[in-house]
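Peer 1: Got a file for you: protein_16.tsv, TSV, C-alpha atoms.
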```tsv
chain	number	residue	atom	x	y	z
A	1373	MET	CA	105.24	119.68	120.35
A	1374	THR	CA	102.33	117.39	121.04
A	1375	ALA	CA	101.62	116.87	124.70
A	1376	ILE	CA	101.73	113.29	125.90
A	1377	GLY	CA	98.23	112.08	126.61
A	1378	GLY	CA	96.80	115.43	125.58
A	1379	ASP	CA	93.36	113.91	125.15
A	1380	SER	CA	91.01	113.23	128.00
A	1381	CYS	CA	92.20	109.64	128.49
A	1382	PRO	CA	95.76	108.66	129.40
A	1383	VAL	CA	98.08	106.88	126.99
A	1384	GLU	CA	98.06	103.17	127.75
A	1385	VAL	CA	101.37	101.32	127.45
A	1386	LEU	CA	101.81	97.58	127.99
A	1387	LEU	CA	105.25	96.41	129.10
A	1388	VAL	CA	105.94	92.68	128.67
A	1389	GLU	CA	109.08	92.08	130.72
A	1390	ASP	CA	110.21	89.40	133.16
A	1391	SER	CA	113.23	91.11	134.68
A	1392	PRO	CA	112.15	92.91	137.91
A	1393	GLY	CA	115.08	95.35	137.63
A	1394	ASP	CA	114.14	96.40	134.10
A	1395	VAL	CA	110.48	96.71	135.10
A	1396	ARG	CA	111.43	99.01	137.94
A	1397	LEU	CA	113.68	101.21	135.78
A	1398	THR	CA	111.02	101.43	133.08
A	1399	LYS	CA	108.34	102.39	135.62
A	1400	GLU	CA	110.59	105.12	137.02
A	1401	ALA	CA	111.37	106.48	133.54
A	1402	PHE	CA	107.66	106.62	132.68
A	1403	ARG	CA	106.74	108.23	136.00
A	1404	GLU	CA	109.33	110.94	135.45
A	1405	ALA	CA	108.25	111.54	131.85
A	1406	SER	CA	104.55	112.12	132.29
A	1407	ALA	CA	101.74	111.53	134.72
A	1408	SER	CA	99.34	110.91	131.85
A	1409	ILE	CA	100.95	107.65	130.75
A	1410	HIS	CA	99.48	104.54	132.30
A	1411	LEU	CA	101.94	101.63	132.28
A	1412	SER	CA	100.64	98.08	132.71
A	1413	VAL	CA	103.17	95.31	133.28
A	1414	VAL	CA	102.93	91.57	132.58
A	1415	SER	CA	105.86	89.22	133.04
A	1416	ASP	CA	105.32	86.42	130.53
A	1417	GLY	CA	104.00	85.86	127.03
A	1418	VAL	CA	100.87	83.91	128.03
A	1419	GLU	CA	99.80	86.72	130.33
A	1420	ALA	CA	100.55	89.29	127.62
A	1421	MET	CA	98.11	87.54	125.27
A	1422	ALA	CA	95.50	87.22	128.07
A	1423	PHE	CA	95.85	90.96	128.72
A	1424	LEU	CA	95.44	91.82	125.03
A	1425	ARG	CA	92.49	89.45	124.62
A	1426	HIS	CA	90.82	90.51	127.88
A	1427	ASP	CA	90.84	86.90	129.11
A	1428	GLY	CA	90.20	85.81	132.70
A	1429	ALA	CA	91.57	88.24	135.29
A	1430	HIS	CA	92.26	90.72	132.46
A	1431	ALA	CA	88.59	91.16	131.50
A	1432	ASN	CA	88.83	94.91	132.14
A	1433	ALA	CA	92.34	95.42	130.79
A	1434	PRO	CA	92.75	98.65	128.81
A	1435	ARG	CA	93.67	98.40	125.15
A	1436	PRO	CA	97.29	99.57	124.87
A	1437	ASN	CA	98.28	102.38	122.50
A	1438	LEU	CA	101.84	100.99	122.52
A	1439	ILE	CA	103.40	97.63	123.46
A	1440	LEU	CA	107.01	97.23	124.68
A	1441	LEU	CA	107.91	93.57	124.28
A	1442	ASP	CA	110.92	91.62	125.52
A	1443	LEU	CA	111.99	88.64	123.36
A	1444	ASN	CA	113.12	86.13	125.95
A	1445	LEU	CA	110.15	85.47	128.19
A	1446	PRO	CA	108.85	82.58	130.28
A	1447	LYS	CA	105.89	80.41	129.17
A	1448	MET	CA	105.55	82.03	125.74
A	1449	ASP	CA	108.46	83.64	123.99
A	1450	GLY	CA	108.29	87.26	122.72
A	1451	ARG	CA	108.70	86.12	119.11
A	1452	GLU	CA	105.54	84.05	119.44
A	1453	VAL	CA	103.69	86.93	121.12
A	1454	LEU	CA	104.76	89.26	118.29
A	1455	ALA	CA	103.60	86.76	115.66
A	1456	LEU	CA	100.20	86.39	117.40
A	1457	ILE	CA	99.73	90.17	117.68
A	1458	LYS	CA	100.59	90.77	114.03
A	1459	LYS	CA	98.34	87.93	112.80
A	1460	ASP	CA	95.35	89.24	114.74
A	1461	ALA	CA	93.29	91.74	112.73
A	1462	GLY	CA	92.11	93.41	115.95
A	1463	LEU	CA	95.57	93.78	117.49
A	1464	LYS	CA	98.02	94.18	114.62
A	1465	MET	CA	97.70	97.96	114.37
A	1466	ILE	CA	98.97	98.43	117.95
A	1467	PRO	CA	102.58	99.63	117.55
A	1468	THR	CA	104.85	96.99	119.08
A	1469	VAL	CA	108.44	97.78	119.96
A	1470	ILE	CA	110.87	94.97	120.75
A	1471	LEU	CA	113.03	95.87	123.74
A	1472	THR	CA	115.59	93.16	124.38
A	1473	THR	CA	119.20	92.50	125.34
A	1474	SER	CA	119.65	90.47	122.15
A	1475	VAL	CA	121.58	92.15	119.35
A	1476	ALA	CA	121.65	88.95	117.28
A	1477	GLU	CA	121.13	89.71	113.60
A	1478	THR	CA	118.74	86.73	113.34
A	1479	ASP	CA	116.52	88.18	116.10
A	1480	ILE	CA	116.50	91.60	114.44
A	1481	ALA	CA	115.74	90.15	110.99
A	1482	GLN	CA	113.06	87.76	112.28
A	1483	SER	CA	111.33	90.53	114.25
A	1484	TYR	CA	111.10	92.75	111.16
A	1485	GLU	CA	109.88	89.73	109.14
A	1486	LEU	CA	107.11	89.39	111.74
A	1487	GLN	CA	106.32	93.09	111.14
A	1488	VAL	CA	107.57	94.51	114.40
A	1489	ASN	CA	107.24	98.29	114.39
A	1490	CYS	CA	110.70	98.83	115.79
A	1491	TYR	CA	113.55	96.89	117.42
A	1492	VAL	CA	115.62	98.43	120.20
A	1493	SER	CA	118.34	96.75	122.24
A	1494	LYS	CA	118.62	97.22	126.00
A	1495	PRO	CA	121.99	98.46	127.20
A	1496	ALA	CA	123.50	96.80	130.28
A	1497	GLN	CA	124.41	100.04	132.05
A	1498	TRP	CA	121.81	101.66	134.24
A	1499	ASP	CA	122.25	105.24	132.98
A	1500	ALA	CA	122.22	104.15	129.33
A	1501	PHE	CA	119.00	102.22	130.01
A	1502	ALA	CA	117.41	105.31	131.59
A	1503	SER	CA	118.46	107.43	128.62
A	1504	LEU	CA	117.06	104.86	126.15
A	1505	MET	CA	113.70	104.81	127.96
A	1506	LYS	CA	113.61	108.61	127.82
A	1507	ASN	CA	114.25	108.50	124.06
A	1508	ILE	CA	111.56	105.85	123.52
A	1509	ILE	CA	109.05	107.90	125.51
A	1510	ASP	CA	110.01	111.11	123.72
A	1511	PHE	CA	109.79	109.60	120.23
A	1512	TRP	CA	106.93	107.09	120.52
A	1513	LEU	CA	104.70	108.97	122.95
A	1514	SER	CA	105.17	112.58	121.95
A	1515	LYS	CA	106.27	112.59	118.29
A	1516	VAL	CA	104.58	109.51	116.82
A	1517	LYS	CA	100.84	109.47	116.15
A	1518	LEU	CA	99.48	106.32	117.75
A	1519	PRO	CA	96.13	104.82	116.80
A	1520	GLN	CA	93.62	105.90	119.43
A	1521	LYS	CA	90.70	103.68	118.59
A	1522	ARG	CA	90.15	100.25	117.22
A	1523	PRO	CA	88.81	100.12	113.65
A	1524	MET	CA	85.28	99.09	114.68
A	1525	GLU	CA	84.93	102.08	117.00
A	1526	LEU	CA	86.23	104.31	114.24
A	1527	ALA	CA	83.72	102.95	111.73
A	1528	ARG	CA	80.91	103.33	114.26
A	1529	ASN	CA	81.92	106.92	115.03
A	1530	GLN	CA	82.03	107.79	111.35
A	1531	LEU	CA	78.62	106.21	110.84
A	1532	GLU	CA	77.18	108.08	113.83
A	1533	SER	CA	78.61	111.42	112.79
A	1534	GLY	CA	77.13	110.78	109.34
A	1535	LEU	CA	73.72	110.06	110.86
A	1536	HIS	CA	73.76	113.25	112.94
A	1537	LYS	CA	74.52	115.53	109.99
B	978	MET	CA	121.83	109.71	91.04
B	979	LYS	CA	124.57	108.58	88.69
B	980	ASP	CA	126.89	107.56	91.47
B	981	MET	CA	124.37	105.32	93.22
B	982	ARG	CA	126.40	102.20	92.61
B	983	GLU	CA	129.42	103.64	94.38
B	984	ARG	CA	127.49	104.79	97.38
B	985	ARG	CA	127.16	101.45	99.10
B	986	ASN	CA	128.51	102.73	102.40
B	987	GLY	CA	126.59	104.91	104.77
B	988	THR	CA	122.89	104.85	105.52
B	989	GLN	CA	120.49	104.82	102.61
B	990	VAL	CA	117.23	106.67	103.18
B	991	LEU	CA	114.48	106.89	100.56
B	992	LEU	CA	112.23	109.94	100.80
B	993	VAL	CA	108.98	109.71	98.84
B	994	GLU	CA	107.72	113.28	98.78
B	995	ASP	CA	106.18	115.53	96.14
B	996	SER	CA	106.46	118.87	97.90
B	997	PRO	CA	109.72	120.58	96.80
B	998	GLY	CA	109.82	122.67	99.99
B	999	ASP	CA	109.57	119.64	102.25
B	1000	VAL	CA	112.19	117.80	100.16
B	1001	ARG	CA	114.62	120.68	100.49
B	1002	LEU	CA	114.08	121.04	104.23
B	1003	THR	CA	114.52	117.30	104.79
B	1004	LEU	CA	117.69	117.23	102.67
B	1005	GLU	CA	119.16	120.18	104.54
B	1006	THR	CA	118.31	118.82	107.96
B	1007	PHE	CA	119.85	115.40	107.22
B	1008	ARG	CA	122.94	117.09	105.77
B	1009	ASP	CA	123.37	119.12	108.97
B	1010	THR	CA	122.55	116.23	111.31
B	1011	ASN	CA	124.11	113.08	109.90
B	1012	CYS	CA	126.66	113.12	107.10
B	1013	ALA	CA	126.48	109.31	106.76
B	1014	VAL	CA	122.95	109.56	105.38
B	1015	HIS	CA	122.44	109.32	101.62
B	1016	LEU	CA	118.98	110.68	101.00
B	1017	HIS	CA	117.38	109.52	97.76
B	1018	VAL	CA	114.30	111.43	96.70
B	1019	VAL	CA	111.44	110.33	94.48
B	1020	ALA	CA	108.37	112.48	93.92
B	1021	ASP	CA	105.58	109.98	93.27
B	1022	GLY	CA	104.43	106.49	94.20
B	1023	MET	CA	105.21	104.90	90.84
B	1024	GLU	CA	108.79	106.15	91.01
B	1025	ALA	CA	109.06	104.88	94.61
B	1026	MET	CA	108.10	101.34	93.55
B	1027	SER	CA	110.41	101.52	90.55
B	1028	PHE	CA	113.28	102.59	92.87
B	1029	LEU	CA	112.56	99.77	95.32
B	1030	ARG	CA	112.25	97.21	92.52
B	1031	ARG	CA	115.27	98.63	90.67
B	1032	GLU	CA	113.38	99.02	87.43
B	1033	GLY	CA	114.36	101.08	84.40
B	1034	THR	CA	116.64	103.99	85.29
B	1035	ASN	CA	116.66	102.79	88.90
B	1036	VAL	CA	118.56	99.60	88.05
B	1037	GLY	CA	121.50	100.57	90.27
B	1038	ALA	CA	119.38	101.88	93.15
B	1039	PRO	CA	120.50	100.83	96.63
B	1040	ARG	CA	118.17	99.06	99.03
B	1041	PRO	CA	117.06	101.70	101.55
B	1042	ASP	CA	117.67	101.19	105.28
B	1043	LEU	CA	114.68	103.41	105.97
B	1044	ILE	CA	111.77	104.75	103.92
B	1045	LEU	CA	110.05	108.08	104.65
B	1046	LEU	CA	106.72	108.01	102.85
B	1047	ASP	CA	104.19	110.77	102.29
B	1048	LEU	CA	100.54	109.67	101.95
B	1049	ASN	CA	99.20	112.05	99.34
B	1050	LEU	CA	101.28	111.54	96.23
B	1051	PRO	CA	100.78	111.85	92.48
B	1052	LYS	CA	100.35	108.78	90.22
B	1053	MET	CA	100.27	106.24	93.06
B	1054	ASP	CA	99.12	107.16	96.52
B	1055	GLY	CA	101.30	106.52	99.62
B	1056	ARG	CA	98.73	104.11	101.08
B	1057	GLN	CA	99.08	101.95	97.99
B	1058	VAL	CA	102.89	102.18	98.08
B	1059	LEU	CA	102.81	101.12	101.76
B	1060	ALA	CA	100.54	98.16	100.98
B	1061	LEU	CA	102.83	97.05	98.13
B	1062	ILE	CA	105.95	97.30	100.32
B	1063	LYS	CA	104.41	95.35	103.18
B	1064	GLU	CA	103.01	92.64	100.87
B	1065	ASP	CA	106.40	92.07	99.26
B	1066	ASN	CA	108.56	89.52	101.11
B	1067	GLY	CA	111.72	91.16	99.85
B	1068	LEU	CA	110.72	94.68	100.90
B	1069	LYS	CA	108.50	94.32	103.97
B	1070	THR	CA	111.38	94.31	106.46
B	1071	ILE	CA	112.44	97.85	105.46
B	1072	PRO	CA	111.16	100.19	108.19
B	1073	THR	CA	108.65	102.53	106.59
B	1074	VAL	CA	107.77	105.74	108.37
B	1075	ILE	CA	104.70	107.67	107.25
B	1076	LEU	CA	105.40	111.42	107.15
B	1077	THR	CA	102.31	113.34	106.15
B	1078	THR	CA	100.26	116.44	106.85
B	1079	SER	CA	97.19	114.29	107.51
B	1080	ALA	CA	96.27	113.89	111.17
B	1081	ALA	CA	93.04	112.04	110.33
B	1082	GLU	CA	92.45	109.10	112.68
B	1083	ALA	CA	91.31	107.05	109.67
B	1084	ASP	CA	94.70	107.56	107.96
B	1085	ILE	CA	96.58	106.73	111.17
B	1086	VAL	CA	94.63	103.49	111.80
B	1087	ARG	CA	94.74	102.46	108.13
B	1088	SER	CA	98.52	102.99	108.00
B	1089	TYR	CA	99.13	100.87	111.10
B	1090	GLN	CA	96.80	98.19	109.71
B	1091	LEU	CA	98.98	98.13	106.61
B	1092	GLN	CA	101.94	97.72	109.01
B	1093	ALA	CA	103.54	101.14	108.74
B	1094	ASN	CA	106.39	101.14	111.26
B	1095	CYS	CA	105.36	104.51	112.60
B	1096	TYR	CA	103.23	107.48	111.68
B	1097	LEU	CA	104.39	111.08	111.99
B	1098	CYS	CA	102.56	114.31	111.17
B	1099	LYS	CA	104.46	117.01	109.33
B	1100	PRO	CA	104.30	120.21	111.32
B	1101	VAL	CA	103.70	123.46	109.41
B	1102	ASP	CA	106.25	125.36	111.50
B	1103	LEU	CA	109.72	125.27	109.93
B	1104	GLU	CA	111.66	124.80	113.13
B	1105	VAL	CA	109.34	122.07	114.41
B	1106	PHE	CA	109.69	120.29	111.06
B	1107	GLU	CA	113.50	120.38	111.39
B	1108	ASN	CA	113.27	119.01	114.92
B	1109	LEU	CA	111.05	116.19	113.74
B	1110	VAL	CA	113.54	115.22	111.01
B	1111	LYS	CA	116.30	115.27	113.68
B	1112	SER	CA	114.17	113.01	115.90
B	1113	ILE	CA	113.72	110.59	113.00
B	1114	ASN	CA	117.47	110.54	112.55
B	1115	ASP	CA	118.17	110.16	116.28
B	1116	PHE	CA	115.62	107.44	116.88
B	1117	TRP	CA	115.57	105.40	113.68
B	1118	LEU	CA	119.17	105.79	112.60
B	1119	SER	CA	120.88	105.67	115.96
B	1120	GLU	CA	118.66	104.13	118.66
B	1121	ALA	CA	116.74	101.51	116.65
B	1122	LYS	CA	118.36	98.33	115.34
B	1123	LEU	CA	117.62	98.01	111.64
B	1124	PRO	CA	117.76	94.79	109.66
B	1125	ALA	CA	121.09	94.24	107.91
B	1126	GLN	CA	121.31	94.77	104.15
B	1127	ASN	CA	120.65	91.56	102.27
```
Could the structure of this file be written out as structure tokens, please?
Peer 2:
Amino acid sequence: MTAIGGDSCPVEVLLVEDSPGDVRLTKEAFREASASIHLSVVSDGVEAMAFLRHDGAHANAPRPNLILLDLNLPKMDGREVLALIKKDAGLKMIPTVILTTSVAETDIAQSYELQVNCYVSKPAQWDAFASLMKNIIDFWLSKVKLPQKRPMELARNQLESGLHK
Amino acid sequence: MKDMRERRNGTQVLLVEDSPGDVRLTLETFRDTNCAVHLHVVADGMEAMSFLRREGTNVGAPRPDLILLDLNLPKMDGRQVLALIKEDNGLKTIPTVILTTSAAEADIVRSYQLQANCYLCKPVDLEVFENLVKSINDFWLSEAKLPAQN
């Protein structure tokens, strides 16, 4: 099995979530899973976009390898955040998982229309939530291959390795 | 695949894979893990698109709930199949999981740019391969919410 964050740098995960209880449970689940995952948390859609675009106070924000996005958020809704991510050529390859209490068929369908990578619904019970987070971490951060670099870095690296041959 | 029309119930999974060994292992693992899964297998990219578009002999093909797509395929490459699926308004909502031996960063990035839902590397070890298929079943077919059939 692939080790989580086996490379020199930790895996960066961005959680976009406004419920303090869910943030706390998610943080605990990540802390228990692996020390090499770095979880950043923002609590509304506007801040999520600022984080991803390195705007203002987020000038030094890391680029996430994975985004966990709630749908119902203050200021800018998760659906709008998802649409902006997937329209942006620099951001759209970051796997984005919707993590929401909504099980409405319209939300599920619309999220897949907007090219979400995966849609998961949050259970109300504490232990079921903890188990879900464990499954997300196990699948997305140890089984799935996440993109490590942005395309420009990749192109530059390929060019450089070509030059050094 | 004669009885495709009758098999409307259960979960429809399309496996696009040209390696007979990997097909057999995937079939066996799904059979042991989840009896509700109907695994449909096509061995090249052209056949995959024909299945999804219900062309020719695939006229009665069901719409898959999940697609498992290899990258290196005869006739039409998996990258091209992925691009066609994600450009098609009727098909792009079907979660498409890349399952390939390639661990090249360029393939990973390219697949996510083309909006692959996730990218998995096929392990060479038999037992690890089985575990990966089980994980796909457990995560995608039980934990994740998939779009309803339309």
Peer 1: Work out how far CA of Leu1518 (chain A) is from CA of Lys1063 (chain B), in Å to one decimal.
Peer 2: 18.9 Å
Peer 1: Chain A residues within 7 Å of chain B, counting only C-alpha atoms: which ones, as number ranges by chain?
Peer 2: A: 1464-1465, 1480-1481, 1484-1485, 1487, 1489-1492, 1515-1517, 1519, 1523
Peer 1: Considering all atoms listed in the file, state which residue in the set B:Leu1118, B:Cys1012, B:Thr1077, B:Leu1002 is at the smallest distance from Glu1104 (chain B).
Peer 2: B:Leu1002
Peer 1: Taking all atoms listed in the file into account, name the residue in B:Thr1003, B:Asn1011, B:Ala1081, B:Thr988 that is nearest to Pro1039 (chain B).
Peer 2: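 For Pro1039 (chain B), the nearest of the candidates is B:Thr988.
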Peer 1: Select, from B:Val1019, B:Met1053, B:Ala1013, B:Leu1061, the residue with the minimum atom-to-atom distance to Ser996 (chain B), counting only C-alpha atoms.
Peer 2: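 Answer, going by the shortest atom-to-atom distance: B:Val1019.
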Peer 1: Which residues, protein or nucleic acid, reach to within 6 Å of (120.0, 108.0, 97.8) in the file's coordinates when using all atoms listed in the file, and can you give that as a list in words?
Peer 2: Gln989, His1015, Leu1016 and His1017 of chain B
Peer 1: Figure out the distance between CA of Thr1006 (chain B) and CA of Gly1037 (chain B), please, to one decimal in Å.
Peer 2: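 Separation between CA of Gly1037 (chain B) and CA of Thr1006 (chain B): 25.6 Å.
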Peer 1: Work out how far CA of Asp1065 (chain B) is from CA of Val993 (chain B), in Å to one decimal.
Peer 2: 17.8 Å
Peer 1: Quick one: of A:Ser1408, A:Asn1432, A:Asn1437, A:Gln1497, who's nearest to Leu1386 (chain A), counting all atoms listed in the file?
Peer 2: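 Under the stated criterion, the closest residue is A:Asn1437.
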Peer 1: Select, from A:Ala1405, A:Ile1509, A:Leu1387, A:Ala1433, the residue with the minimum atom-to-atom distance to Gly1450 (chain A), counting only C-alpha atoms.
Peer 2: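 With only C-alpha atoms as the atom set, the closest residue is A:Leu1387.
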Peer 1: Would you mind writing region 997-1010 of chain B with N, CA and C atoms, as a PDB file, in the frame of the given file?
Peer 2:
```pdb
ATOM      1  N   PRO B 997     108.315 120.180  96.918  1.00  0.00           N
ATOM      2  CA  PRO B 997     109.720 120.580  96.800  1.00  0.00           C
ATOM      3  C   PRO B 997     110.247 121.248  98.070  1.00  0.00           C
ATOM      4  N   GLY B 998     109.402 121.996  98.757  1.00  0.00           N
ATOM      5  CA  GLY B 998     109.820 122.670  99.990  1.00  0.00           C
ATOM      6  C   GLY B 998     110.176 121.669 101.076  1.00  0.00           C
ATOM      7  N   ASP B 999     109.320 120.651 101.218  1.00  0.00           N
ATOM      8  CA  ASP B 999     109.570 119.640 102.250  1.00  0.00           C
ATOM      9  C   ASP B 999     110.806 118.801 101.900  1.00  0.00           C
ATOM     10  N   VAL B1000     111.008 118.548 100.594  1.00  0.00           N
ATOM     11  CA  VAL B1000     112.190 117.800 100.160  1.00  0.00           C
ATOM     12  C   VAL B1000     113.456 118.568 100.531  1.00  0.00           C
ATOM     13  N   ARG B1001     113.440 119.866 100.234  1.00  0.00           N
ATOM     14  CA  ARG B1001     114.620 120.680 100.490  1.00  0.00           C
ATOM     15  C   ARG B1001     114.940 120.748 101.981  1.00  0.00           C
ATOM     16  N   LEU B1002     113.902 120.944 102.786  1.00  0.00           N
ATOM     17  CA  LEU B1002     114.080 121.040 104.230  1.00  0.00           C
ATOM     18  C   LEU B1002     114.607 119.727 104.817  1.00  0.00           C
ATOM     19  N   THR B1003     114.087 118.617 104.303  1.00  0.00           N
ATOM     20  CA  THR B1003     114.520 117.300 104.790  1.00  0.00           C
ATOM     21  C   THR B1003     115.977 117.051 104.399  1.00  0.00           C
ATOM     22  N   LEU B1004     116.302 117.371 103.145  1.00  0.00           N
ATOM     23  CA  LEU B1004     117.690 117.230 102.670  1.00  0.00           C
ATOM     24  C   LEU B1004     118.655 118.041 103.531  1.00  0.00           C
ATOM     25  N   GLU B1005     118.284 119.297 103.762  1.00  0.00           N
ATOM     26  CA  GLU B1005     119.160 120.180 104.540  1.00  0.00           C
ATOM     27  C   GLU B1005     119.333 119.699 105.965  1.00  0.00           C
ATOM     28  N   THR B1006     118.231 119.258 106.561  1.00  0.00           N
ATOM     29  CA  THR B1006     118.310 118.820 107.960  1.00  0.00           C
ATOM     30  C   THR B1006     119.172 117.567 108.081  1.00  0.00           C
ATOM     31  N   PHE B1007     118.998 116.607 107.165  1.00  0.00           N
ATOM     32  CA  PHE B1007     119.850 115.400 107.220  1.00  0.00           C
ATOM     33  C   PHE B1007     121.311 115.770 106.986  1.00  0.00           C
ATOM     34  N   ARG B1008     121.563 116.705 106.059  1.00  0.00           N
ATOM     35  CA  ARG B1008     122.940 117.090 105.770  1.00  0.00           C
ATOM     36  C   ARG B1008     123.605 117.704 107.010  1.00  0.00           C
ATOM     37  N   ASP B1009     122.821 118.482 107.761  1.00  0.00           N
ATOM     38  CA  ASP B1009     123.370 119.120 108.970  1.00  0.00           C
ATOM     39  C   ASP B1009     123.459 118.152 110.144  1.00  0.00           C
ATOM     40  N   THR B1010     122.649 117.094 110.130  1.00  0.00           N
ATOM     41  CA  THR B1010     122.550 116.230 111.310  1.00  0.00           C
ATOM     42  C   THR B1010     123.422 114.991 111.206  1.00  0.00           C
TER      43      THR B1010
END
```
